[in-house]
>>> print(open('my_file.cif').read())   # mmCIF, C-alpha atoms
data_query
#
loop_
_atom_site.label_atom_id
_atom_site.label_comp_id
_atom_site.auth_asym_id
_atom_site.auth_seq_id
_atom_site.Cartn_x
_atom_site.Cartn_y
_atom_site.Cartn_z
CA MET A 1 -1.89 20.61 -36.29
CA GLU A 2 -0.07 17.53 -37.54
CA SER A 3 2.81 18.06 -35.11
CA ILE A 4 0.48 18.55 -32.13
CA LEU A 5 -1.34 15.34 -33.00
CA SER A 6 1.85 13.32 -33.27
CA GLU A 7 2.98 14.83 -29.95
CA ILE A 8 -0.24 13.67 -28.29
CA VAL A 9 0.05 10.17 -29.75
CA ALA A 10 3.67 9.80 -28.59
CA LYS A 11 2.85 10.90 -25.02
CA TYR A 12 -0.75 9.74 -24.63
CA ASN A 13 -0.01 8.20 -21.21
CA TYR A 14 0.78 11.61 -19.69
CA TRP A 15 -2.47 12.98 -21.08
CA ILE A 16 -4.41 10.19 -19.35
CA TYR A 17 -2.71 10.91 -16.03
CA VAL A 18 -3.24 14.65 -16.29
CA ILE A 19 -6.95 14.16 -16.99
CA LEU A 20 -7.27 11.71 -14.07
CA MET A 21 -5.43 14.21 -11.88
CA MET A 22 -7.77 17.02 -12.95
CA ILE A 23 -10.81 14.92 -12.01
CA GLY A 24 -9.35 14.24 -8.59
CA PHE A 25 -8.25 17.84 -8.07
CA TYR A 26 -11.68 19.20 -8.98
CA ALA A 27 -13.34 16.76 -6.59
CA MET A 28 -10.97 17.89 -3.84
CA ILE A 29 -11.49 21.64 -4.18
CA GLY A 30 -14.92 21.92 -5.82
CA LYS A 31 -17.07 19.51 -3.83
CA ARG A 32 -18.58 20.32 -0.45
CA ASN A 33 -18.94 16.76 0.86
CA LEU A 34 -16.03 15.33 2.81
CA VAL A 35 -16.42 11.79 1.42
CA LYS A 36 -16.33 13.15 -2.12
CA LYS A 37 -13.17 15.06 -1.25
CA LEU A 38 -11.58 11.84 0.00
CA LEU A 39 -12.58 10.01 -3.19
CA GLY A 40 -11.02 12.82 -5.19
CA MET A 41 -7.81 12.47 -3.21
CA ASN A 42 -7.72 8.75 -3.97
CA ILE A 43 -8.19 9.39 -7.70
CA PHE A 44 -5.37 11.95 -7.52
CA GLN A 45 -3.10 9.40 -5.86
CA THR A 46 -3.95 6.82 -8.51
CA ALA A 47 -2.91 9.27 -11.19
CA ILE A 48 0.43 9.90 -9.47
CA ILE A 49 1.05 6.16 -9.01
CA LEU A 50 0.30 5.40 -12.65
CA PHE A 51 2.55 8.27 -13.72
CA TYR A 52 5.49 6.97 -11.70
CA VAL A 53 5.08 3.36 -12.83
CA SER A 54 4.89 4.39 -16.46
CA MET A 55 8.17 6.30 -16.06
CA GLY A 56 9.96 3.03 -15.31
CA VAL A 57 8.92 1.28 -18.52
CA LYS A 58 11.55 0.50 -21.11
CA ARG A 59 10.67 -0.70 -24.58
CA GLY A 60 11.89 -4.31 -24.81
CA GLY A 61 12.44 -4.61 -21.07
CA GLY A 62 11.29 -7.35 -18.73
CA ILE A 63 10.22 -7.48 -15.10
CA PRO A 64 12.94 -6.63 -12.55
CA ILE A 65 13.45 -10.23 -11.42
CA VAL A 66 16.62 -11.88 -12.68
CA ASP A 67 18.08 -15.37 -12.68
CA LYS A 68 20.51 -15.35 -9.75
CA HIS A 69 23.17 -17.76 -11.05
CA GLU A 70 23.07 -16.33 -14.53
CA ALA A 71 23.44 -12.81 -13.11
CA LEU A 72 26.34 -13.78 -10.86
CA LEU A 73 28.21 -15.40 -13.75
CA HIS A 74 27.61 -12.97 -16.60
CA GLY A 75 26.16 -9.82 -15.06
CA VAL A 76 22.90 -8.10 -16.02
CA ASN A 77 22.23 -5.86 -18.98
CA PRO A 78 20.19 -2.85 -17.75
CA ALA A 79 18.58 -2.41 -21.18
CA HIS A 80 16.63 -5.67 -20.72
CA ILE A 81 15.25 -4.87 -17.24
CA ASP A 82 12.63 -2.27 -16.37
CA ASN A 83 13.60 0.53 -14.03
CA PRO A 84 12.86 -0.84 -10.52
CA VAL A 85 13.15 2.39 -8.54
CA PRO A 86 9.64 3.79 -9.36
CA HIS A 87 8.15 0.41 -8.47
CA VAL A 88 9.73 0.58 -5.02
CA LEU A 89 8.63 4.17 -4.47
CA MET A 90 5.05 3.40 -5.47
CA LEU A 91 4.94 0.24 -3.37
CA THR A 92 5.43 2.40 -0.31
CA ALA A 93 3.15 5.15 -1.66
CA ILE A 94 0.24 2.72 -2.03
CA VAL A 95 0.57 1.67 1.59
CA VAL A 96 0.69 5.29 2.72
CA SER A 97 -2.44 6.00 0.68
CA VAL A 98 -4.24 3.13 2.46
CA SER A 99 -3.22 4.49 5.86
CA VAL A 100 -4.23 8.03 4.94
CA THR A 101 -7.62 6.80 3.71
CA GLY A 102 -8.13 4.88 6.95
CA VAL A 103 -7.29 7.85 9.16
CA ALA A 104 -9.45 10.18 7.04
CA LEU A 105 -12.43 7.81 7.25
CA ALA A 106 -11.98 7.58 11.01
CA ILE A 107 -11.90 11.36 11.41
CA MET A 108 -14.97 11.69 9.19
CA GLN A 109 -16.84 9.17 11.29
CA ARG A 110 -15.93 11.15 14.38
CA ILE A 111 -17.10 14.37 12.73
CA TYR A 112 -20.39 12.70 11.84
CA ARG A 113 -20.77 11.51 15.42
CA GLU A 114 -20.17 15.04 16.67
CA TYR A 115 -22.13 17.16 14.16
CA GLY A 116 -24.50 14.73 12.43
CA THR A 117 -23.47 15.71 8.91
CA LEU A 118 -20.57 15.53 6.45
CA GLU A 119 -21.44 18.65 4.43
CA GLU A 120 -18.85 21.37 4.87
CA ASP A 121 -21.29 24.30 5.06
CA GLU A 122 -23.47 22.70 7.71
CA ILE A 123 -20.43 21.76 9.81
CA LEU A 124 -19.14 25.34 9.62
CA GLU A 125 -22.57 26.65 10.65
CA LYS A 126 -22.69 24.33 13.62
CA ILE A 127 -19.17 25.25 14.70
CA GLU A 128 -19.97 28.97 14.69
CA ARG A 129 -23.12 28.53 16.72
CA MET B 1 -17.28 29.04 -5.95
CA LYS B 2 -17.54 26.02 -8.24
CA LYS B 3 -16.57 28.16 -11.20
CA ILE B 4 -13.37 29.25 -9.45
CA ALA B 5 -12.59 25.61 -8.65
CA LEU B 6 -13.19 24.57 -12.26
CA LEU B 7 -11.02 27.43 -13.50
CA ALA B 8 -8.18 26.51 -11.14
CA THR B 9 -8.41 22.86 -12.22
CA LEU B 10 -8.33 23.77 -15.90
CA ILE B 11 -5.36 26.10 -15.46
CA THR B 12 -3.42 23.46 -13.51
CA GLY B 13 -4.24 20.85 -16.15
CA ALA B 14 -3.19 23.17 -18.95
CA ILE B 15 0.15 23.91 -17.29
CA LEU B 16 0.79 20.20 -16.73
CA LEU B 17 -0.20 19.31 -20.29
CA TYR B 18 2.13 22.01 -21.58
CA SER B 19 4.95 20.61 -19.48
CA THR B 20 4.53 17.10 -20.93
CA LYS B 21 6.36 18.54 -23.94
CA ASP B 22 9.62 18.07 -22.02
CA PHE B 23 8.92 14.54 -20.81
CA ALA B 24 10.41 11.46 -22.42
CA PRO B 25 8.12 9.43 -24.69
CA TRP B 26 6.57 6.22 -23.38
CA GLY B 27 9.03 3.35 -23.04
CA ASP B 28 12.14 5.38 -23.86
CA PRO B 29 15.20 3.47 -22.51
CA HIS B 30 17.22 6.70 -22.36
CA SER B 31 14.68 8.71 -20.35
CA PRO B 32 16.20 10.70 -17.46
CA ALA B 33 14.58 8.40 -14.92
CA SER B 34 16.43 5.31 -16.16
CA VAL B 35 19.94 6.53 -16.79
CA HIS B 36 21.39 7.55 -13.43
CA VAL B 37 21.05 5.42 -10.33
CA SER B 38 18.73 2.67 -11.53
CA ASN B 39 21.32 1.10 -13.80
CA VAL B 40 23.68 0.72 -10.85
CA TYR B 41 20.94 -0.99 -8.87
CA ILE B 42 20.16 -3.38 -11.73
CA GLU B 43 23.80 -4.27 -12.33
CA LYS B 44 25.01 -4.58 -8.74
CA SER B 45 22.07 -5.62 -6.57
CA VAL B 46 22.27 -9.38 -7.26
CA GLU B 47 26.01 -9.33 -6.68
CA GLN B 48 25.74 -7.34 -3.45
CA THR B 49 22.67 -8.91 -1.83
CA HIS B 50 22.07 -12.31 -3.53
CA VAL B 51 18.38 -11.48 -3.96
CA PRO B 52 16.98 -12.22 -7.45
CA ASN B 53 14.06 -9.80 -7.05
CA ILE B 54 15.59 -6.36 -7.53
CA VAL B 55 12.54 -4.55 -6.15
CA THR B 56 12.82 -6.47 -2.86
CA ALA B 57 16.56 -5.80 -2.70
CA ILE B 58 16.04 -2.05 -3.07
CA LEU B 59 13.06 -2.01 -0.72
CA GLY B 60 14.72 -3.92 2.08
CA ASP B 61 18.36 -2.99 1.77
CA TYR B 62 19.26 0.10 -0.23
CA ARG B 63 16.16 2.04 0.79
CA GLY B 64 15.73 0.31 4.14
CA TYR B 65 15.49 3.58 6.02
CA ASP B 66 12.54 4.64 3.86
CA THR B 67 10.76 1.33 4.43
CA MET B 68 11.41 1.46 8.16
CA PHE B 69 9.65 4.77 8.55
CA GLU B 70 6.99 3.47 6.20
CA THR B 71 6.22 0.79 8.78
CA VAL B 72 6.22 3.46 11.47
CA VAL B 73 3.72 5.48 9.41
CA ILE B 74 1.34 2.52 9.11
CA PHE B 75 1.70 1.81 12.81
CA SER B 76 0.97 5.43 13.71
CA ALA B 77 -2.07 5.40 11.40
CA GLY B 78 -3.45 2.35 13.21
CA MET B 79 -2.86 3.91 16.60
CA ALA B 80 -4.44 7.19 15.41
CA VAL B 81 -7.58 5.40 14.22
CA ILE B 82 -7.88 3.57 17.54
CA GLY B 83 -7.37 6.84 19.41
CA VAL B 84 -9.94 8.73 17.36
CA LEU B 85 -12.71 6.15 17.15
CA ARG B 86 -12.46 3.61 19.95
CA ARG B 87 -14.98 4.00 22.74
CA PRO B 88 -15.77 1.66 25.61
CA LYS B 89 -18.92 -0.44 25.63
CA GLU B 90 -21.79 1.02 27.63
CA MET C 1 -31.92 -30.77 4.33
CA LYS C 2 -34.89 -29.45 6.27
CA HIS C 3 -32.62 -28.74 9.19
CA LEU C 4 -30.38 -26.64 6.95
CA GLN C 5 -33.35 -24.73 5.56
CA GLU C 6 -34.59 -23.89 9.01
CA LYS C 7 -31.12 -22.83 10.04
CA ALA C 8 -30.84 -20.56 7.01
CA GLN C 9 -34.22 -18.94 7.68
CA SER C 10 -33.44 -18.22 11.31
CA LYS C 11 -30.40 -16.16 10.43
CA PRO C 12 -30.60 -12.34 10.58
CA LEU C 13 -30.57 -10.27 7.42
CA GLY C 14 -27.26 -10.25 5.57
CA GLU C 15 -25.98 -13.58 6.85
CA SER C 16 -26.17 -16.25 4.19
CA LEU C 17 -25.32 -19.91 4.72
CA ILE C 18 -23.75 -20.21 1.26
CA VAL C 19 -21.50 -17.21 1.74
CA GLN C 20 -20.45 -18.33 5.20
CA THR C 21 -19.60 -21.86 4.08
CA ALA C 22 -17.66 -20.61 1.08
CA VAL C 23 -15.72 -18.14 3.23
CA ARG C 24 -14.96 -20.78 5.84
CA MET C 25 -13.48 -23.01 3.14
CA MET C 26 -11.53 -20.21 1.45
CA ILE C 27 -9.88 -18.64 4.49
CA PRO C 28 -7.12 -21.26 5.10
CA PHE C 29 -6.05 -21.06 1.48
CA ILE C 30 -6.02 -17.25 1.53
CA GLN C 31 -3.84 -17.26 4.63
CA LEU C 32 -1.51 -19.87 3.13
CA PHE C 33 -1.21 -17.72 0.03
CA GLY C 34 -0.43 -14.68 2.16
CA LEU C 35 2.38 -16.53 3.94
CA TYR C 36 3.68 -17.74 0.57
CA VAL C 37 3.72 -14.18 -0.77
CA ILE C 38 5.72 -13.02 2.27
CA VAL C 39 8.34 -15.77 2.30
CA HIS C 40 8.67 -15.99 -1.48
CA GLY C 41 9.23 -12.27 -1.91
CA HIS C 42 12.89 -12.86 -2.80
CA TYR C 43 12.12 -14.90 -5.91
CA SER C 44 8.79 -13.63 -7.22
CA PRO C 45 6.62 -10.52 -7.00
CA GLY C 46 5.67 -10.15 -3.38
CA GLY C 47 7.02 -9.18 -0.03
CA GLY C 48 5.96 -7.93 3.34
CA PHE C 49 3.45 -5.29 2.31
CA GLN C 50 1.56 -7.41 -0.18
CA GLY C 51 1.54 -10.57 1.91
CA GLY C 52 0.48 -8.64 4.99
CA VAL C 53 -2.44 -7.13 3.12
CA VAL C 54 -3.52 -10.60 1.86
CA LEU C 55 -3.34 -11.99 5.41
CA GLY C 56 -5.33 -9.04 6.72
CA ALA C 57 -7.90 -9.48 3.93
CA SER C 58 -8.62 -13.01 5.15
CA PHE C 59 -9.71 -11.66 8.54
CA ILE C 60 -11.67 -8.83 6.91
CA LEU C 61 -13.47 -11.43 4.75
CA MET C 62 -14.36 -13.36 7.89
CA ALA C 63 -15.65 -10.20 9.56
CA LEU C 64 -17.78 -9.41 6.50
CA ALA C 65 -19.33 -12.89 6.17
CA TYR C 66 -19.90 -13.44 9.90
CA ASP C 67 -19.52 -10.55 12.34
CA LEU C 68 -16.74 -8.98 14.34
CA GLN C 69 -17.24 -11.29 17.34
CA LYS C 70 -16.27 -14.29 15.22
CA THR C 71 -12.93 -12.70 14.32
CA PHE C 72 -12.23 -11.88 17.99
CA GLY C 73 -12.29 -15.64 18.59
CA TYR C 74 -9.30 -16.04 16.27
CA ILE C 75 -7.35 -12.88 17.05
CA SER C 76 -8.40 -10.78 20.01
CA GLU C 77 -7.98 -7.02 20.12
CA ARG C 78 -5.15 -7.34 22.62
CA THR C 79 -3.25 -9.95 20.57
CA ASN C 80 -3.78 -7.82 17.49
CA ALA C 81 -2.21 -4.74 19.07
CA ILE C 82 0.69 -6.77 20.49
CA LEU C 83 1.41 -8.46 17.14
CA GLY C 84 1.27 -5.15 15.26
CA SER C 85 3.71 -3.54 17.67
CA THR C 86 5.94 -6.62 17.45
CA GLY C 87 6.06 -6.24 13.68
CA ALA C 88 7.25 -2.64 13.88
CA LEU C 89 9.66 -3.64 16.64
CA ILE C 90 11.19 -6.48 14.58
CA TYR C 91 12.12 -4.02 11.86
CA THR C 92 13.59 -1.34 14.11
CA GLY C 93 15.13 -4.01 16.34
CA THR C 94 16.95 -5.65 13.44
CA ALA C 95 18.18 -2.26 12.31
CA ALA C 96 19.39 -1.30 15.79
CA LEU C 97 21.00 -4.72 16.32
CA CYS C 98 23.15 -4.16 13.26
CA ALA C 99 24.34 -0.86 14.70
CA VAL C 100 25.01 -2.43 18.11
CA LEU C 101 27.08 -5.22 16.54
CA GLY C 102 29.45 -2.76 14.92
CA GLY C 103 28.04 -2.24 11.45
CA TYR C 104 26.03 0.66 10.13
CA PHE C 105 22.37 1.15 11.00
CA LEU C 106 20.42 -1.31 8.76
CA ASP C 107 23.63 -2.89 7.40
CA TYR C 108 22.58 -6.53 7.72
CA SER C 109 26.02 -7.96 6.98
CA ALA C 110 27.01 -7.02 10.56
CA LEU C 111 24.70 -9.80 11.77
CA ALA C 112 27.32 -12.32 10.64
CA LYS C 113 28.89 -11.85 14.07
CA ILE C 114 25.96 -13.72 15.67
CA ILE C 115 25.64 -16.62 13.23
CA PRO C 116 28.75 -17.01 11.06
CA MET C 117 27.62 -16.96 7.45
CA ASN C 118 28.66 -15.25 4.27
CA PRO C 119 27.97 -11.49 4.85
CA ILE C 120 26.33 -11.20 1.44
CA ASP C 121 23.97 -14.07 2.30
CA TRP C 122 23.25 -12.31 5.57
CA ARG C 123 22.06 -9.28 3.64
CA SER C 124 19.52 -11.56 1.94
CA MET C 125 18.50 -13.04 5.30
CA GLY C 126 18.22 -9.58 6.85
CA ILE C 127 15.80 -8.53 4.13
CA PHE C 128 13.72 -11.61 4.98
CA LEU C 129 13.63 -10.73 8.70
CA VAL C 130 12.55 -7.22 7.87
CA GLU C 131 9.83 -8.43 5.51
CA VAL C 132 8.37 -10.64 8.24
CA GLY C 133 8.19 -7.61 10.52
CA VAL C 134 6.53 -5.51 7.84
CA GLY C 135 4.04 -8.31 7.10
CA LEU C 136 3.03 -8.63 10.75
CA ALA C 137 2.60 -4.89 11.19
CA VAL C 138 0.61 -4.41 7.97
CA MET C 139 -1.69 -7.38 8.64
CA ASN C 140 -2.62 -6.30 12.14
CA ILE C 141 -3.03 -2.64 11.31
CA MET C 142 -5.31 -3.48 8.37
CA VAL C 143 -7.50 -5.68 10.58
CA SER C 144 -7.59 -3.03 13.29
CA LEU C 145 -8.51 -0.29 10.80
CA PHE C 146 -11.40 -2.41 9.52
CA TRP C 147 -12.64 -3.25 13.02
CA ASP C 148 -12.65 0.35 14.15
CA ILE C 149 -14.12 1.91 11.03
CA SER C 150 -16.80 -0.70 10.38
CA SER C 151 -18.19 -0.67 13.91
CA GLY C 152 -17.66 3.00 14.73
CA GLY C 153 -15.29 2.10 17.54
CA LYS C 154 -17.81 0.06 19.53
CA MET C 155 -16.48 -3.35 18.39
CA ASP C 156 -19.89 -5.00 18.60
CA GLU C 157 -21.35 -6.30 15.33
CA GLY C 158 -19.70 -4.54 12.46
CA LEU C 159 -21.24 -4.14 9.03
#
>>> encode(input="my_file.cif", output="structure tokens")
Amino acid sequence: MESILSEIVAKYNYWIYVILMMIGFYAMIGKRNLVKKLLGMNIFQTAIILFYVSMGVKRGGGIPIVDKHEALLHGVNPAHIDNPVPHVLMLTAIVVSVSVTGVALAIMQRIYREYGTLEEDEILEKIER
Amino acid sequence: MKKIALLATLITGAILLYSTKDFAPWGDPHSPASVHVSNVYIEKSVEQTHVPNIVTAILGDYRGYDTMFETVVIFSAGMAVIGVLRRPKE
Amino acid sequence: MKHLQEKAQSKPLGESLIVQTAVRMMIPFIQLFGLYVIVHGHYSPGGGFQGGVVLGASFILMALAYDLQKTFGYISERTNAILGSTGALIYTGTAALCAVLGGYFLDYSALAKIIPMNPIDWRSMGIFLVEVGVGLAVMNIMVSLFWDISSGGKMDEGL
């Protein structure tokens, strides 16, 4: 019991992301409304983004912006700078998530224009008729 | 149906929580993510590109191909939304 | 004073004089900040994506406080599409130009053959060119997404 507790305290950030991810995943597969599914997908993406950014943290590290002249003269010590690669990856992932949300909202609006509803069951009924 | 969804979510969450056992603790400088390529970027990027912001240097230069198709993705998304929704005025 | 009160009462629901005045005063500063974020991306947090989104947000704010027709006065649909395509073209064009000039694709130091400068400084300049392209593309696509989604594609009033 003691060891499990200390394990949770040392890695509490992963627990937060997994719980966020479960909320999003349940909204994606359990809900019948398309807007709720999209919200679930956004929560899922937030969990992934937080997970990646937290991987780049170093204890005692600063932001990945250095003094140019100082760096050219003496070099940079990687232990004092956070890992910049996850930041770059997530910068592009956020923009993709915005585009995906935009396209999804557009398609939903078109579905609503066509069928008059956003509930999955009713849309399926109307398609079969 | 909802019970199956809840069960699937719980199983996925349990597997992921079990796998956190192998992850590095928060803020570990020797975690696998920060030992391989990122140190090279931090040490060399100012010397090779003269850009103080390392994130910008990686985004625009080292991973320029990624960012280029990123722009193409945004552009395609905009065109897709116009194609799906736009209709002429009556 | 009375004139203002009458003007405020004659407005349709959802259009408030206070909000519109505040937005009109804020928009130049928001756009200036967006440009600052783009061009200062080398020295501080920022860059093309973030600055483009801030620039796009200024137009979205205008469309929310007034209506879509007001924003068409500043940036028409046609100009918007042309600017967005130009942004994507600047990026791919810079990349292809490097390959044409004898370097690798996206290797900005090859641009030193056009304007003689230190190749390492050209890599910094190339990143700046690319960021401007990204900023243009992101700004115009954000505005166009908002226009289309908020008005259902009819481009009349908006929200």
>>> interface_residues(input="my_file.cif", of="chain B", to="chain C", cutoff="9 Å", atoms="all atoms listed in the file", output="ChimeraX atom specification")
/B:47-57,59-61,64-65,67-68,71-72,74-75,77-79,81-82,84-89
>>> atom_distance(input="my_file.cif", atom1="atom CA of Gly24 of chain A", atom2="atom CA of Gly52 of chain C")
28.4 Å
>>> closest_residue(input="my_file.cif", among="C:Val132, C:Met139, C:Ala57, C:Leu17", to="Phe29 of chain C", atoms="all atoms listed in the file")
C:Ala57
>>> closest_residue(input="my_file.cif", among="C:Leu83, C:Ala96, C:Leu35, C:Val53", to="chain A", atoms="all atoms listed in the file")
C:Val53
>>> resolve_selection(input="my_file.cif", expression="the PyMOL selection byres ((chain A) within 12 of (chain C))", output="ChimeraX atom specification")
/A:63-68,87-88,90-96,98-113
>>> resolve_selection(input="my_file.cif", expression="the PyMOL selection byres ((chain A and resi 21) around 9)", output="MDAnalysis selection string")
(chainID A and resid 16:20 22:26 40 43:48) or (chainID B and resid 13)
>>> residues_around(input="my_file.cif", residues="Asp22 of chain B", least_positions_apart="4", cutoff="12 Å", atoms="only C-alpha atoms", output="PyMOL selection string")
(chain A and resi 7+11+14) or (chain B and resi 16-18+31-32)
>>> resolve_selection(input="my_file.cif", expression="the PyMOL selection byres ((chain B and resi 24-26) around 12)", output="CSV table (one decimal) with C-alpha atoms, in the frame of the given file")
chain,number,residue,atom,x,y,z
A,6,SER,CA,1.8,13.3,-33.3
A,7,GLU,CA,3.0,14.8,-30.0
A,8,ILE,CA,-0.2,13.7,-28.3
A,9,VAL,CA,0.0,10.2,-29.8
A,10,ALA,CA,3.7,9.8,-28.6
A,11,LYS,CA,2.8,10.9,-25.0
A,12,TYR,CA,-0.8,9.7,-24.6
A,13,ASN,CA,0.0,8.2,-21.2
A,14,TYR,CA,0.8,11.6,-19.7
A,15,TRP,CA,-2.5,13.0,-21.1
A,51,PHE,CA,2.6,8.3,-13.7
A,52,TYR,CA,5.5,7.0,-11.7
A,53,VAL,CA,5.1,3.4,-12.8
A,54,SER,CA,4.9,4.4,-16.5
A,55,MET,CA,8.2,6.3,-16.1
A,56,GLY,CA,10.0,3.0,-15.3
A,57,VAL,CA,8.9,1.3,-18.5
A,58,LYS,CA,11.6,0.5,-21.1
A,59,ARG,CA,10.7,-0.7,-24.6
A,60,GLY,CA,11.9,-4.3,-24.8
B,19,SER,CA,5.0,20.6,-19.5
B,20,THR,CA,4.5,17.1,-20.9
B,21,LYS,CA,6.4,18.5,-23.9
B,22,ASP,CA,9.6,18.1,-22.0
B,23,PHE,CA,8.9,14.5,-20.8
B,27,GLY,CA,9.0,3.4,-23.0
B,28,ASP,CA,12.1,5.4,-23.9
B,29,PRO,CA,15.2,3.5,-22.5
B,30,HIS,CA,17.2,6.7,-22.4
B,31,SER,CA,14.7,8.7,-20.4
B,32,PRO,CA,16.2,10.7,-17.5
B,33,ALA,CA,14.6,8.4,-14.9
B,34,SER,CA,16.4,5.3,-16.2
>>> atom_distance(input="my_file.cif", atom1="atom CA of Ala8 of chain B", atom2="atom CA of Leu34 of chain A")
19.5 Å
>>> decode(input="my_file.cif", residues="segment 56-78 of chain C", atoms="N, CA and C atoms", output="tab-separated table (two decimals), in the first residue's frame")
chain	number	residue	atom	x	y	z
C	56	GLY	N	-5.91	36.92	-36.49
C	56	GLY	CA	-7.23	36.44	-36.87
C	56	GLY	C	-8.27	36.75	-35.81
C	57	ALA	N	-7.86	36.67	-34.53
C	57	ALA	CA	-8.79	36.93	-33.43
C	57	ALA	C	-9.29	38.37	-33.47
C	58	SER	N	-8.46	39.30	-33.97
C	58	SER	CA	-8.93	40.69	-34.02
C	58	SER	C	-10.11	40.81	-34.99
C	59	PHE	N	-10.02	40.11	-36.11
C	59	PHE	CA	-11.15	40.17	-37.06
C	59	PHE	C	-12.37	39.44	-36.50
C	60	ILE	N	-12.13	38.32	-35.79
C	60	ILE	CA	-13.25	37.58	-35.22
C	60	ILE	C	-13.96	38.44	-34.17
C	61	LEU	N	-13.16	39.19	-33.39
C	61	LEU	CA	-13.74	40.09	-32.38
C	61	LEU	C	-14.61	41.14	-33.05
C	62	MET	N	-14.13	41.67	-34.17
C	62	MET	CA	-14.91	42.66	-34.90
C	62	MET	C	-16.22	42.05	-35.39
C	63	ALA	N	-16.12	40.80	-35.92
C	63	ALA	CA	-17.33	40.16	-36.43
C	63	ALA	C	-18.30	39.85	-35.31
C	64	LEU	N	-17.81	39.62	-34.10
C	64	LEU	CA	-18.71	39.33	-32.98
C	64	LEU	C	-19.40	40.60	-32.50
C	65	ALA	N	-18.64	41.72	-32.41
C	65	ALA	CA	-19.22	42.94	-31.86
C	65	ALA	C	-20.13	43.62	-32.87
C	66	TYR	N	-19.72	43.65	-34.15
C	66	TYR	CA	-20.59	44.21	-35.18
C	66	TYR	C	-21.25	43.04	-35.89
C	67	ASP	N	-21.16	42.97	-37.22
C	67	ASP	CA	-21.59	41.76	-37.90
C	67	ASP	C	-20.60	41.46	-39.03
C	68	LEU	N	-20.89	40.42	-39.80
C	68	LEU	CA	-19.90	40.01	-40.79
C	68	LEU	C	-19.68	41.07	-41.85
C	69	GLN	N	-20.73	41.83	-42.19
C	69	GLN	CA	-20.59	42.83	-43.26
C	69	GLN	C	-19.52	43.85	-42.92
C	70	LYS	N	-19.40	44.20	-41.62
C	70	LYS	CA	-18.39	45.17	-41.22
C	70	LYS	C	-16.98	44.64	-41.51
C	71	THR	N	-16.77	43.33	-41.25
C	71	THR	CA	-15.42	42.80	-41.51
C	71	THR	C	-15.14	42.72	-43.00
C	72	PHE	N	-16.18	42.51	-43.83
C	72	PHE	CA	-15.93	42.47	-45.28
C	72	PHE	C	-15.43	43.81	-45.78
C	73	GLY	N	-15.75	44.91	-45.04
C	73	GLY	CA	-15.23	46.21	-45.45
C	73	GLY	C	-13.72	46.30	-45.28
C	74	TYR	N	-13.17	45.54	-44.32
C	74	TYR	CA	-11.73	45.59	-44.08
C	74	TYR	C	-10.98	44.54	-44.90
C	75	ILE	N	-11.56	43.35	-44.97
C	75	ILE	CA	-10.89	42.28	-45.71
C	75	ILE	C	-11.97	41.47	-46.41
C	76	SER	N	-12.06	41.62	-47.72
C	76	SER	CA	-13.16	40.96	-48.44
C	76	SER	C	-12.85	39.47	-48.56
C	77	GLU	N	-13.87	38.72	-48.96
C	77	GLU	CA	-13.71	37.27	-49.04
C	77	GLU	C	-12.63	36.91	-50.05
C	78	ARG	N	-12.61	37.67	-51.15
C	78	ARG	CA	-11.65	37.41	-52.22
C	78	ARG	C	-10.22	37.67	-51.73
